[in-house]
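To be precise, the following lines are structure06.tsv, and they hold TSV, C-alpha atoms.
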```
chain	number	residue	atom	x	y	z
I	1	MET	CA	-197.88	199.17	-6.24
I	2	SER	CA	-200.45	201.65	-7.51
I	3	ASP	CA	-199.10	205.17	-8.01
I	4	THR	CA	-201.75	206.84	-5.83
I	5	ALA	CA	-203.71	205.94	-2.71
I	6	PRO	CA	-206.95	204.12	-3.55
I	7	THR	CA	-209.85	206.54	-3.97
I	8	GLY	CA	-213.46	206.46	-5.14
I	9	ARG	CA	-216.16	203.81	-4.86
I	10	PRO	CA	-214.84	200.48	-3.60
I	11	LEU	CA	-214.41	197.76	-6.17
I	12	THR	CA	-216.37	194.77	-4.85
I	13	ILE	CA	-214.63	191.46	-5.44
I	14	TRP	CA	-216.08	188.12	-4.44
I	15	LEU	CA	-213.60	185.27	-3.99
I	16	VAL	CA	-214.61	181.64	-3.54
I	17	ALA	CA	-212.05	178.97	-2.61
I	18	GLY	CA	-212.84	175.34	-1.83
I	19	GLU	CA	-209.77	173.91	-0.07
I	20	GLU	CA	-206.53	174.85	1.68
I	21	SER	CA	-204.40	175.22	-1.45
I	22	GLY	CA	-206.98	177.61	-2.91
I	23	ASP	CA	-207.00	179.54	0.35
I	24	GLN	CA	-203.24	180.07	0.04
I	25	LEU	CA	-203.60	181.23	-3.57
I	26	GLY	CA	-206.46	183.50	-2.58
I	27	ALA	CA	-204.43	185.12	0.19
I	28	LYS	CA	-201.57	185.97	-2.19
I	29	LEU	CA	-204.07	187.25	-4.74
I	30	ILE	CA	-205.70	189.52	-2.14
I	31	ARG	CA	-202.31	191.01	-1.20
I	32	SER	CA	-201.57	191.77	-4.85
I	33	LEU	CA	-205.05	193.18	-5.46
I	34	HIS	CA	-204.56	195.66	-2.62
I	35	ALA	CA	-201.06	196.53	-3.87
I	36	LEU	CA	-202.15	197.18	-7.47
I	37	SER	CA	-205.64	198.64	-7.13
I	38	ASP	CA	-206.17	202.39	-7.51
I	39	ARG	CA	-209.54	202.02	-5.78
I	40	PRO	CA	-210.46	200.69	-2.34
I	41	LEU	CA	-211.51	197.06	-2.35
I	42	ALA	CA	-214.50	195.39	-0.70
I	43	LEU	CA	-213.82	191.65	-0.41
I	44	ALA	CA	-216.18	188.84	0.55
I	45	GLY	CA	-216.74	185.16	-0.18
I	46	VAL	CA	-215.51	181.78	1.00
I	47	GLY	CA	-211.99	181.09	2.21
I	48	GLY	CA	-209.86	179.82	5.04
I	49	ASP	CA	-207.38	181.13	7.58
I	50	ALA	CA	-204.95	182.57	5.04
I	51	MET	CA	-207.60	184.67	3.29
I	52	ALA	CA	-209.02	185.70	6.66
I	53	ALA	CA	-205.57	186.97	7.65
I	54	GLU	CA	-205.73	189.25	4.59
I	55	GLY	CA	-209.02	190.71	5.76
I	56	MET	CA	-211.68	188.59	4.04
I	57	ALA	CA	-214.33	187.05	6.28
I	58	SER	CA	-215.68	183.70	5.07
I	59	LEU	CA	-219.37	182.85	4.89
I	60	PHE	CA	-218.67	179.54	6.64
I	61	PRO	CA	-215.66	177.38	7.61
I	62	LEU	CA	-213.67	176.22	4.60
I	63	GLU	CA	-213.60	172.72	6.10
I	64	ASP	CA	-217.29	172.35	5.23
I	65	VAL	CA	-216.48	172.13	1.52
I	66	ALA	CA	-212.84	170.97	1.49
I	67	VAL	CA	-213.73	167.41	0.49
I	68	ILE	CA	-211.73	165.36	-2.05
I	69	GLY	CA	-212.58	162.02	-3.67
I	70	TYR	CA	-215.82	160.52	-4.95
I	71	LEU	CA	-216.60	158.59	-1.78
I	72	ALA	CA	-215.90	161.54	0.54
I	73	VAL	CA	-218.09	163.84	-1.57
I	74	ALA	CA	-220.94	161.32	-1.57
I	75	ALA	CA	-220.80	161.09	2.21
I	76	ARG	CA	-221.20	164.87	2.62
I	77	ILE	CA	-223.36	165.74	-0.37
I	78	ARG	CA	-226.19	167.35	1.64
I	79	LEU	CA	-223.87	169.77	3.41
I	80	LEU	CA	-222.06	170.57	0.16
I	81	MET	CA	-225.30	171.36	-1.67
I	82	ARG	CA	-226.44	173.57	1.20
I	83	ARG	CA	-223.16	175.49	1.15
I	84	ILE	CA	-223.38	175.92	-2.64
I	85	ARG	CA	-226.87	177.42	-2.31
I	86	GLN	CA	-225.76	179.68	0.53
I	87	THR	CA	-222.77	180.96	-1.43
I	88	VAL	CA	-224.82	181.64	-4.55
I	89	GLN	CA	-227.50	183.52	-2.64
I	90	ALA	CA	-224.97	185.70	-0.83
I	91	CYS	CA	-223.03	186.49	-4.01
I	92	VAL	CA	-226.16	187.38	-5.98
I	93	ALA	CA	-227.37	189.61	-3.14
I	94	ALA	CA	-223.99	191.40	-3.01
I	95	ARG	CA	-223.88	192.04	-6.77
I	96	PRO	CA	-220.07	192.33	-6.88
I	97	ASP	CA	-218.05	193.80	-9.72
I	98	VAL	CA	-216.27	190.49	-10.34
I	99	LEU	CA	-216.43	186.92	-9.04
I	100	VAL	CA	-213.17	184.99	-8.68
I	101	ILE	CA	-213.42	181.24	-8.17
I	102	ILE	CA	-210.25	179.50	-7.02
I	103	ASP	CA	-209.58	175.84	-7.89
I	104	SER	CA	-211.83	173.07	-6.40
I	105	PRO	CA	-214.08	172.93	-9.49
I	106	GLY	CA	-216.58	170.56	-7.92
I	107	PHE	CA	-217.61	173.33	-5.53
I	108	THR	CA	-216.54	176.58	-7.18
I	109	HIS	CA	-217.89	175.82	-10.65
I	110	ALA	CA	-221.22	174.80	-9.18
I	111	VAL	CA	-221.32	178.24	-7.56
I	112	ALA	CA	-220.20	180.12	-10.68
I	113	SER	CA	-222.66	178.46	-13.05
I	114	ARG	CA	-225.59	179.20	-10.74
I	115	VAL	CA	-224.49	182.80	-10.16
I	116	ARG	CA	-224.15	183.35	-13.93
I	117	ARG	CA	-227.78	182.32	-14.45
I	118	GLN	CA	-228.92	185.03	-12.02
I	119	LEU	CA	-226.30	187.67	-12.81
I	120	PRO	CA	-225.52	187.15	-16.51
I	121	GLY	CA	-223.44	190.32	-16.77
I	122	LEU	CA	-221.12	189.55	-13.85
I	123	PRO	CA	-217.52	188.82	-14.96
I	124	VAL	CA	-216.31	185.46	-13.64
I	125	VAL	CA	-212.59	184.68	-13.41
I	126	ASP	CA	-211.41	181.14	-12.71
I	127	TYR	CA	-208.05	181.04	-10.91
I	128	VAL	CA	-206.59	177.57	-11.62
I	129	SER	CA	-207.85	175.68	-14.62
I	130	PRO	CA	-209.55	172.34	-14.11
I	131	SER	CA	-207.55	169.52	-15.70
I	132	VAL	CA	-209.57	169.55	-18.91
I	133	TRP	CA	-206.43	168.46	-20.76
I	134	ALA	CA	-206.29	165.30	-18.63
I	135	TRP	CA	-209.87	164.12	-18.34
I	136	ARG	CA	-213.42	165.18	-19.23
I	137	PRO	CA	-212.17	167.54	-21.99
I	138	TRP	CA	-215.74	168.54	-22.87
I	139	ARG	CA	-215.73	170.67	-19.70
I	140	ALA	CA	-213.62	173.31	-21.46
I	141	LYS	CA	-216.40	174.22	-23.88
I	142	THR	CA	-219.01	174.02	-21.12
I	143	MET	CA	-217.01	176.50	-19.02
I	144	ARG	CA	-217.51	179.18	-21.69
I	145	GLY	CA	-221.11	179.44	-20.52
I	146	TYR	CA	-220.21	180.80	-17.07
I	147	ILE	CA	-216.49	181.71	-17.03
I	148	ASP	CA	-214.98	184.66	-18.86
I	149	HIS	CA	-211.27	184.21	-18.15
I	150	VAL	CA	-209.18	181.32	-16.85
I	151	LEU	CA	-205.93	182.06	-15.02
I	152	ALA	CA	-203.68	179.07	-15.66
I	153	LEU	CA	-200.88	177.84	-13.41
I	154	LEU	CA	-199.34	175.56	-16.02
I	155	PRO	CA	-197.79	176.90	-19.24
I	156	PHE	CA	-199.46	174.42	-21.61
I	157	GLU	CA	-203.02	175.16	-20.43
I	158	PRO	CA	-203.82	178.17	-22.67
I	159	ASP	CA	-203.14	176.03	-25.75
I	160	ALA	CA	-205.29	173.26	-24.29
I	161	HIS	CA	-208.25	175.61	-23.83
I	162	ARG	CA	-207.87	176.99	-27.35
I	163	ARG	CA	-207.77	173.45	-28.74
I	164	LEU	CA	-210.80	172.35	-26.72
I	165	GLY	CA	-212.91	175.47	-27.29
I	166	GLY	CA	-212.66	176.73	-23.71
I	167	PRO	CA	-212.77	180.29	-22.33
I	168	THR	CA	-210.01	182.86	-22.76
I	169	CYS	CA	-207.04	181.49	-20.82
I	170	THR	CA	-203.83	183.22	-19.71
I	171	TYR	CA	-200.78	181.62	-18.13
I	172	VAL	CA	-200.16	183.68	-14.98
I	173	GLY	CA	-197.44	181.46	-13.52
I	174	HIS	CA	-197.34	178.79	-10.86
I	175	PRO	CA	-196.94	180.12	-7.29
I	176	LEU	CA	-193.92	177.87	-6.81
I	177	ILE	CA	-191.84	180.01	-9.16
I	178	GLU	CA	-192.04	182.73	-6.49
I	179	ARG	CA	-190.23	180.36	-4.12
I	180	LEU	CA	-187.22	179.26	-6.14
I	181	GLY	CA	-184.89	180.83	-3.59
I	182	GLU	CA	-186.32	178.53	-0.91
I	183	LEU	CA	-186.13	175.45	-3.14
I	184	ARG	CA	-182.68	175.75	-4.71
I	185	PRO	CA	-179.72	174.29	-2.78
I	186	GLY	CA	-176.79	176.42	-1.69
I	187	SER	CA	-173.20	175.28	-2.01
I	188	ALA	CA	-173.20	173.38	1.31
I	189	GLU	CA	-176.45	171.64	0.39
I	190	ARG	CA	-175.16	170.69	-3.05
I	191	GLU	CA	-172.15	169.16	-1.36
I	192	ALA	CA	-174.42	167.24	1.04
I	193	ARG	CA	-176.18	165.72	-1.98
I	194	ARG	CA	-172.86	164.17	-2.95
I	195	GLY	CA	-172.02	162.91	0.57
I	196	PRO	CA	-171.38	159.29	1.60
I	197	GLU	CA	-174.87	158.87	3.10
I	198	PRO	CA	-177.08	161.23	1.11
I	199	VAL	CA	-180.63	162.15	2.06
I	200	LEU	CA	-183.50	160.33	0.38
I	201	ALA	CA	-186.71	162.35	0.73
I	202	VAL	CA	-189.89	160.31	1.11
I	203	LEU	CA	-193.29	161.91	0.57
I	204	PRO	CA	-196.24	159.52	1.05
I	205	GLY	CA	-198.96	162.10	0.42
I	206	SER	CA	-201.00	164.59	2.44
I	207	ARG	CA	-204.30	162.73	2.79
I	208	ARG	CA	-204.92	159.98	5.29
I	209	SER	CA	-206.04	157.51	2.63
I	210	GLU	CA	-202.86	158.10	0.58
I	211	ILE	CA	-200.64	157.70	3.60
I	212	GLU	CA	-202.29	154.48	4.72
I	213	ARG	CA	-201.96	152.93	1.26
I	214	LEU	CA	-198.44	154.08	0.41
I	215	MET	CA	-196.49	153.96	3.67
I	216	PRO	CA	-196.22	150.13	3.84
I	217	ILE	CA	-195.24	149.96	0.15
I	218	PHE	CA	-192.67	152.75	0.50
I	219	GLY	CA	-191.14	151.15	3.59
I	220	ALA	CA	-190.71	147.81	1.82
I	221	ALA	CA	-189.21	149.53	-1.24
I	222	LEU	CA	-186.64	151.36	0.88
I	223	ALA	CA	-185.62	148.09	2.53
I	224	LYS	CA	-184.98	146.58	-0.90
I	225	VAL	CA	-182.88	149.56	-1.99
I	226	GLN	CA	-180.85	149.33	1.21
I	227	ALA	CA	-180.33	145.60	0.65
I	228	GLN	CA	-178.68	146.40	-2.68
I	229	GLY	CA	-175.88	148.15	-0.76
I	230	HIS	CA	-176.85	151.78	-1.38
I	231	PRO	CA	-176.13	153.92	1.70
I	232	PHE	CA	-178.68	156.67	2.45
I	233	THR	CA	-180.64	158.31	5.22
I	234	VAL	CA	-184.37	158.92	4.97
I	235	GLU	CA	-186.11	162.20	5.76
I	236	LEU	CA	-189.90	162.20	5.70
I	237	PRO	CA	-191.68	165.58	5.83
I	238	ALA	CA	-194.82	164.79	7.85
I	239	VAL	CA	-198.15	166.54	7.38
I	240	ALA	CA	-198.89	167.92	10.84
I	241	ARG	CA	-202.43	166.59	11.10
I	242	HIS	CA	-201.28	163.06	10.20
I	243	ARG	CA	-197.95	163.00	12.02
I	244	ALA	CA	-199.05	160.41	14.60
I	245	LEU	CA	-200.31	158.10	11.84
I	246	ILE	CA	-197.06	158.49	9.88
I	247	ALA	CA	-194.95	157.81	12.98
I	248	ARG	CA	-196.96	154.68	13.76
I	249	LEU	CA	-196.67	153.30	10.22
I	250	ALA	CA	-192.97	154.17	9.96
I	251	ALA	CA	-192.21	152.31	13.18
I	252	SER	CA	-192.39	149.00	11.30
I	253	TRP	CA	-189.96	150.09	8.55
I	254	THR	CA	-186.54	148.47	8.38
I	255	VAL	CA	-185.11	151.83	7.32
I	256	ARG	CA	-186.21	154.27	10.00
I	257	PRO	CA	-186.95	157.76	8.67
I	258	ARG	CA	-186.31	161.05	10.39
I	259	LEU	CA	-189.66	162.83	10.52
I	260	ILE	CA	-189.51	166.46	9.40
I	261	ASP	CA	-191.97	169.02	10.75
I	262	GLY	CA	-192.93	172.36	9.27
I	263	GLU	CA	-192.69	173.96	5.84
I	264	ALA	CA	-189.24	175.50	6.31
I	265	ASP	CA	-187.66	172.21	7.34
I	266	LYS	CA	-189.44	170.41	4.50
I	267	LEU	CA	-187.86	172.78	1.99
I	268	ALA	CA	-184.49	172.29	3.67
I	269	THR	CA	-184.92	168.54	3.12
I	270	PHE	CA	-185.61	169.18	-0.57
I	271	ARG	CA	-182.50	171.34	-0.88
I	272	ARG	CA	-180.19	168.61	0.46
I	273	ALA	CA	-181.99	165.52	-0.89
I	274	ARG	CA	-180.15	163.48	-3.50
I	275	ALA	CA	-183.29	161.68	-4.64
I	276	ALA	CA	-186.93	161.27	-3.64
I	277	LEU	CA	-189.79	158.78	-3.53
I	278	ALA	CA	-193.06	160.68	-3.70
I	279	ALA	CA	-196.79	160.33	-4.08
I	280	SER	CA	-198.15	162.07	-7.16
I	281	GLY	CA	-199.18	165.67	-6.51
I	282	THR	CA	-197.88	169.22	-6.33
I	283	VAL	CA	-194.93	168.02	-4.24
I	284	THR	CA	-193.45	166.49	-7.40
I	285	LEU	CA	-193.22	169.98	-8.92
I	286	GLU	CA	-191.58	171.29	-5.73
I	287	LEU	CA	-189.00	168.51	-5.93
I	288	ALA	CA	-188.45	169.08	-9.63
I	289	LEU	CA	-187.82	172.81	-9.16
I	290	ALA	CA	-185.39	171.89	-6.37
I	291	GLY	CA	-183.58	169.68	-8.91
I	292	VAL	CA	-184.23	166.42	-7.06
I	293	PRO	CA	-184.46	163.26	-9.25
I	294	MET	CA	-187.41	161.17	-8.13
I	295	VAL	CA	-189.71	158.22	-8.55
I	296	VAL	CA	-193.44	158.92	-8.34
I	297	ALA	CA	-196.04	156.45	-7.11
I	298	TYR	CA	-199.78	156.43	-6.60
I	299	GLN	CA	-202.69	154.15	-5.76
I	300	VAL	CA	-206.42	154.76	-5.43
I	301	PRO	CA	-209.14	152.31	-4.33
I	302	LYS	CA	-210.25	149.86	-7.00
I	303	ILE	CA	-213.66	151.48	-7.37
I	304	GLU	CA	-212.01	154.86	-8.16
I	305	GLU	CA	-209.46	153.23	-10.46
I	306	VAL	CA	-212.21	152.00	-12.79
I	307	ILE	CA	-213.63	155.52	-13.08
I	308	VAL	CA	-210.29	157.30	-13.48
I	309	ARG	CA	-208.87	154.92	-16.11
I	310	ARG	CA	-211.94	155.43	-18.30
I	311	LEU	CA	-211.66	159.22	-18.12
I	312	ILE	CA	-207.94	160.02	-18.09
I	313	GLN	CA	-206.69	161.58	-21.35
I	314	VAL	CA	-202.96	162.09	-20.75
I	315	PRO	CA	-199.97	159.72	-20.83
I	316	THR	CA	-198.70	160.83	-17.39
I	317	ILE	CA	-200.08	162.06	-14.07
I	318	VAL	CA	-196.80	163.68	-12.98
I	319	LEU	CA	-196.87	167.49	-13.23
I	320	PRO	CA	-193.21	167.98	-14.23
I	321	ASN	CA	-193.64	165.39	-17.01
I	322	LEU	CA	-196.71	167.24	-18.31
I	323	ILE	CA	-194.89	170.57	-18.29
I	324	LEU	CA	-191.79	169.15	-19.97
I	325	GLY	CA	-193.83	167.23	-22.53
I	326	GLU	CA	-191.95	164.00	-21.85
I	327	ASN	CA	-192.03	161.19	-19.29
I	328	ALA	CA	-188.68	162.09	-17.77
I	329	ILE	CA	-189.73	160.99	-14.25
I	330	PRO	CA	-190.73	157.34	-13.75
I	331	GLU	CA	-194.24	156.86	-12.38
I	332	LEU	CA	-195.57	153.64	-10.94
I	333	ILE	CA	-199.31	153.65	-10.32
I	334	GLN	CA	-201.91	151.13	-9.24
I	335	ALA	CA	-200.72	147.54	-9.91
I	336	GLU	CA	-197.24	148.78	-10.86
I	337	CYS	CA	-196.85	150.47	-7.47
I	338	THR	CA	-195.04	147.60	-5.76
I	339	PRO	CA	-191.94	147.55	-3.52
I	340	GLU	CA	-189.99	145.65	-6.19
I	341	ARG	CA	-190.76	148.08	-9.00
I	342	LEU	CA	-190.25	151.17	-6.85
I	343	ALA	CA	-186.88	149.89	-5.63
I	344	ALA	CA	-185.79	149.06	-9.18
I	345	ALA	CA	-186.59	152.61	-10.35
I	346	LEU	CA	-185.21	154.36	-7.27
I	347	ALA	CA	-181.86	152.62	-6.80
I	348	PRO	CA	-180.28	153.97	-10.05
I	349	LEU	CA	-180.95	157.56	-8.91
I	350	LEU	CA	-178.62	157.34	-5.90
I	351	PRO	CA	-175.23	156.83	-7.61
I	352	GLU	CA	-173.98	158.84	-10.56
I	353	GLY	CA	-175.14	157.23	-13.77
I	354	PRO	CA	-177.27	157.63	-16.89
I	355	ALA	CA	-180.65	157.42	-15.11
I	356	ARG	CA	-179.75	160.19	-12.70
I	357	ALA	CA	-178.08	162.35	-15.35
I	358	ALA	CA	-181.10	162.11	-17.67
I	359	GLN	CA	-183.48	163.30	-14.96
I	360	GLU	CA	-181.21	166.13	-13.88
I	361	ALA	CA	-180.98	167.37	-17.47
I	362	ALA	CA	-184.77	167.28	-17.88
I	363	LEU	CA	-185.42	169.07	-14.59
I	364	ALA	CA	-182.97	171.81	-15.56
I	365	ARG	CA	-185.30	172.74	-18.44
I	366	LEU	CA	-188.26	173.53	-16.18
I	367	ASP	CA	-187.20	177.11	-15.39
I	368	ALA	CA	-187.35	178.38	-18.94
I	369	THR	CA	-190.67	176.62	-19.52
I	370	MET	CA	-192.38	178.02	-16.43
I	371	ARG	CA	-190.91	181.51	-16.22
I	372	LEU	CA	-193.25	184.41	-17.04
I	373	PRO	CA	-192.05	186.45	-20.03
I	374	ASP	CA	-191.62	189.68	-18.05
I	375	GLY	CA	-190.38	188.04	-14.84
I	376	ASP	CA	-193.61	189.04	-13.08
I	377	GLU	CA	-194.88	187.32	-9.95
I	378	PRO	CA	-197.85	184.98	-10.49
I	379	SER	CA	-200.11	186.62	-7.90
I	380	ARG	CA	-199.54	190.08	-9.41
I	381	SER	CA	-200.09	188.78	-12.92
I	382	ALA	CA	-203.39	187.26	-11.76
I	383	ALA	CA	-204.41	190.39	-9.87
I	384	ARG	CA	-204.04	192.59	-12.94
I	385	ILE	CA	-206.51	190.46	-14.88
I	386	VAL	CA	-208.99	190.36	-11.99
I	387	LEU	CA	-208.84	194.15	-11.54
I	388	ALA	CA	-209.30	194.73	-15.28
I	389	ALA	CA	-212.35	192.46	-15.30
I	390	GLY	CA	-213.86	194.21	-12.29
I	391	LYS	CA	-213.22	197.71	-13.60
I	392	GLY	CA	-214.64	196.81	-16.98
I	393	ALA	CA	-217.88	195.68	-15.40
I	394	ALA	CA	-218.03	198.68	-13.07
I	395	ALA	CA	-217.40	201.24	-15.84
```

Write-out of the structure in structure tokens:
Amino acid sequence: MSDTAPTGRPLTIWLVAGEESGDQLGAKLIRSLHALSDRPLALAGVGGDAMAAEGMASLFPLEDVAVIGYLAVAARIRLLMRRIRQTVQACVAARPDVLVIIDSPGFTHAVASRVRRQLPGLPVVDYVSPSVWAWRPWRAKTMRGYIDHVLALLPFEPDAHRRLGGPTCTYVGHPLIERLGELRPGSAEREARRGPEPVLAVLPGSRRSEIERLMPIFGAALAKVQAQGHPFTVELPAVARHRALIARLAASWTVRPRLIDGEADKLATFRRARAALAASGTVTLELALAGVPMVVAYQVPKIEEVIVRRLIQVPTIVLPNLILGENAIPELIQAECTPERLAAALAPLLPEGPARAAQEAALARLDATMRLPDGDEPSRSAARIVLAAGKGAAA
């Protein structure tokens, strides 16, 4: 914490998030900003419930802009454009000391670029780098026109921005490294992983479209693994807003899952799971840090597949693979995402054997790769850079 109580003119910080994950990051950042600042803070911008709980009122409900996917964005483009204009106008009128945009580049970068044109001297910090290393790499150089500093969650991103001519970029740490104690199994949970009917964690995604596409495929894959004589029980952490849908789709599975509710119970599932079948996303990094060997699957509609395949620049879409620099975790996407292929990749992870041992060895290397040099917490590391940018502009 700061050595003295905050005094003097408030430091005005504008924060703009565009979806729930950014809201969570923003809330942790706000807590660290208050803890580290030697001046009072005046906070405003766009956020959700988590940021509101830390004292920042949002211009409008976060749900108005929390839209993902080309088709969903197209359907709500008028509202999105109106909210972009509203956010820009309010930020320019406030003339803050620093603007922090948090993830959701489709919304937040549209805000930042427009604010920069009207307030060219305002420092802009981008918390969470867009995936310039994966697709549309030219964005890195474009970002230099309206972003001063990128706060990266993944350790390879600063090198990617240097290579691509992007803004100054600092690895501040992924928020999951603050939660290793919740992810790592204790002795009883490690023993449960070796039990006669170990837990297989199944994660079909958090969006309705993902769940509807993957649940039937996952159910058929599990039936094939079971038919090979591998004993296991299935635990399926269910996203609360889609629990009824998940329960309905799981009712037709041969292998009936136990639905898991709530974050704490989800993490408990990860700690005792022997293996996992998961949709691509941040959950794969959670599983990897919990030391759970897995198979990753994904499908998008055909119209999106054509666009994505033309733009993607990396050999893997799995976060732990990207961080490790090797395809240690099998991924089956689009046409390869079939019950037969998933079962063939998943079955060898249940007994002891070379496939399981290879993944466990790879996952064990994640800690050293992701750890911050000084053991700092990601939110505090990010807050220090934000405060320095704001104080520099206010000096």

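Distances here use only C-alpha atoms; by that measure, the residue among I:Pro175, I:Pro293, I:Gly45, I:Pro185 closest to I:Ala361 is I:Pro293.
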
Review point. Which polymer residues have any atom within 7 Å of an atom of stretch 113-129 of chain I, counting only C-alpha atoms, with same-chain residues fewer than 2 positions away left out, as a ChimeraX atom specification?
Key: /I:88,92,97-103,109-111,131,146-153,386,389,393

Check your understanding: For I:Leu346, which residue among I:Met370, I:Ala201, I:Ala238, I:Ile385 is the nearest when counting only C-alpha atoms?
Key -> I:Ala201

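With distances taken over all atoms listed in the file, I:Ile211 is the one residue among I:Pro155, I:Ile177, I:Pro231, I:Ile211 lying closest to I:Ala247.
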
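Atom to atom, atom CA of I:Phe107 and atom CA of I:Ile30 stand 20.4 Å apart.
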
Point to revise | Within 12 Å of file point (-182.1, 158.1, 9.0), counting all atoms listed in the file, expressed as a PyMOL selection string | key: chain I and resi 197-202+222+226+231-236+250+253-260

Practice item. Find the spatial neighbours of stretch 24-27 of chain I, counting all atoms listed in the file, within a cut-off of 7 Å - ignore same-chain residues fewer than 2 positions away - and output them as a PyMOL selection string. Key: chain I and resi 20-22+29-31+50-51+54

May I have a table of the residues of stretch 282-390 of chain I lying at most 12 Å from stretch 212-216 of chain I, giving each one's closest pair of atoms and their distance in Å to one decimal, counting only C-alpha atoms, ordered by chain and ascending residue number, as a tab-separated table?
```
residue	atom	partner	partner_atom	distance
I:Val296	CA	I:Leu214	CA	11.2
I:Ala297	CA	I:Leu214	CA	8.2
I:Tyr298	CA	I:Leu214	CA	7.5
I:Gln299	CA	I:Arg213	CA	7.2
I:Val300	CA	I:Arg213	CA	8.2
I:Pro301	CA	I:Arg213	CA	9.1
I:Leu332	CA	I:Leu214	CA	11.7
I:Ile333	CA	I:Leu214	CA	10.8
I:Gln334	CA	I:Arg213	CA	10.7
I:Cys337	CA	I:Leu214	CA	8.8
I:Thr338	CA	I:Leu214	CA	9.6
I:Pro339	CA	I:Pro216	CA	8.9
I:Leu342	CA	I:Leu214	CA	11.3
```

Point to revise | Protein, DNA and RNA residues within 12 Å of (-184.5, 173.4, -5.0), all atoms listed in the file, as number ranges by chain | key: I: 176-177, 179-187, 189-190, 193, 266-275, 283-293, 360, 363-364, 366-367

With 6 Å of padding per side, what axis-aligned box (centre and edge lengths, Å, one decimal) covers all the listed atoms of stretch 86-101 of chain I? Give it as JSON.
```
{"center_x": -220.3, "center_y": 186.7, "center_z": -4.9, "size_x": 26.3, "size_y": 26.1, "size_z": 22.9}
```

Practice item. Have a look at atom CA of I:Glu178 and atom CA of I:Glu377 and let me know their distance in Å, one decimal. Key: 6.4 Å

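Closest approach to I:Pro351 among I:Leu11, I:Ala90, I:Val225, I:Ala134 is made by I:Val225 (distances from only C-alpha atoms).
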
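You can rank I:Ala264, I:Leu277, I:Leu387, I:Ala140 by their closest distance to I:Arg162 using all atoms listed in the file, and at the top of that list sits I:Ala140.
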
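Contact shell of I:Ala240 at 9 Å (all atoms listed in the file; same-chain neighbours under 2 positions omitted): Ala238, His242, Arg243, Ala244, Asp261 and Gly262 of chain I.
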
What does the file look like for those residues with C-alpha atoms, as a JSON list (two decimals), keeping the file's coordinate frame?
```json
[["chain", "number", "residue", "atom", "x", "y", "z"],
["I", 238, "ALA", "CA", -194.82, 164.79, 7.85],
["I", 242, "HIS", "CA", -201.28, 163.06, 10.20],
["I", 243, "ARG", "CA", -197.95, 163.00, 12.02],
["I", 244, "ALA", "CA", -199.05, 160.41, 14.60],
["I", 261, "ASP", "CA", -191.97, 169.02, 10.75],
["I", 262, "GLY", "CA", -192.93, 172.36, 9.27]]
```

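Shortest separation to I:Gly375 among I:Gly173, I:Arg83, I:Thr316, I:Asp23 occurs at residue I:Gly173, atoms counted being all atoms listed in the file.
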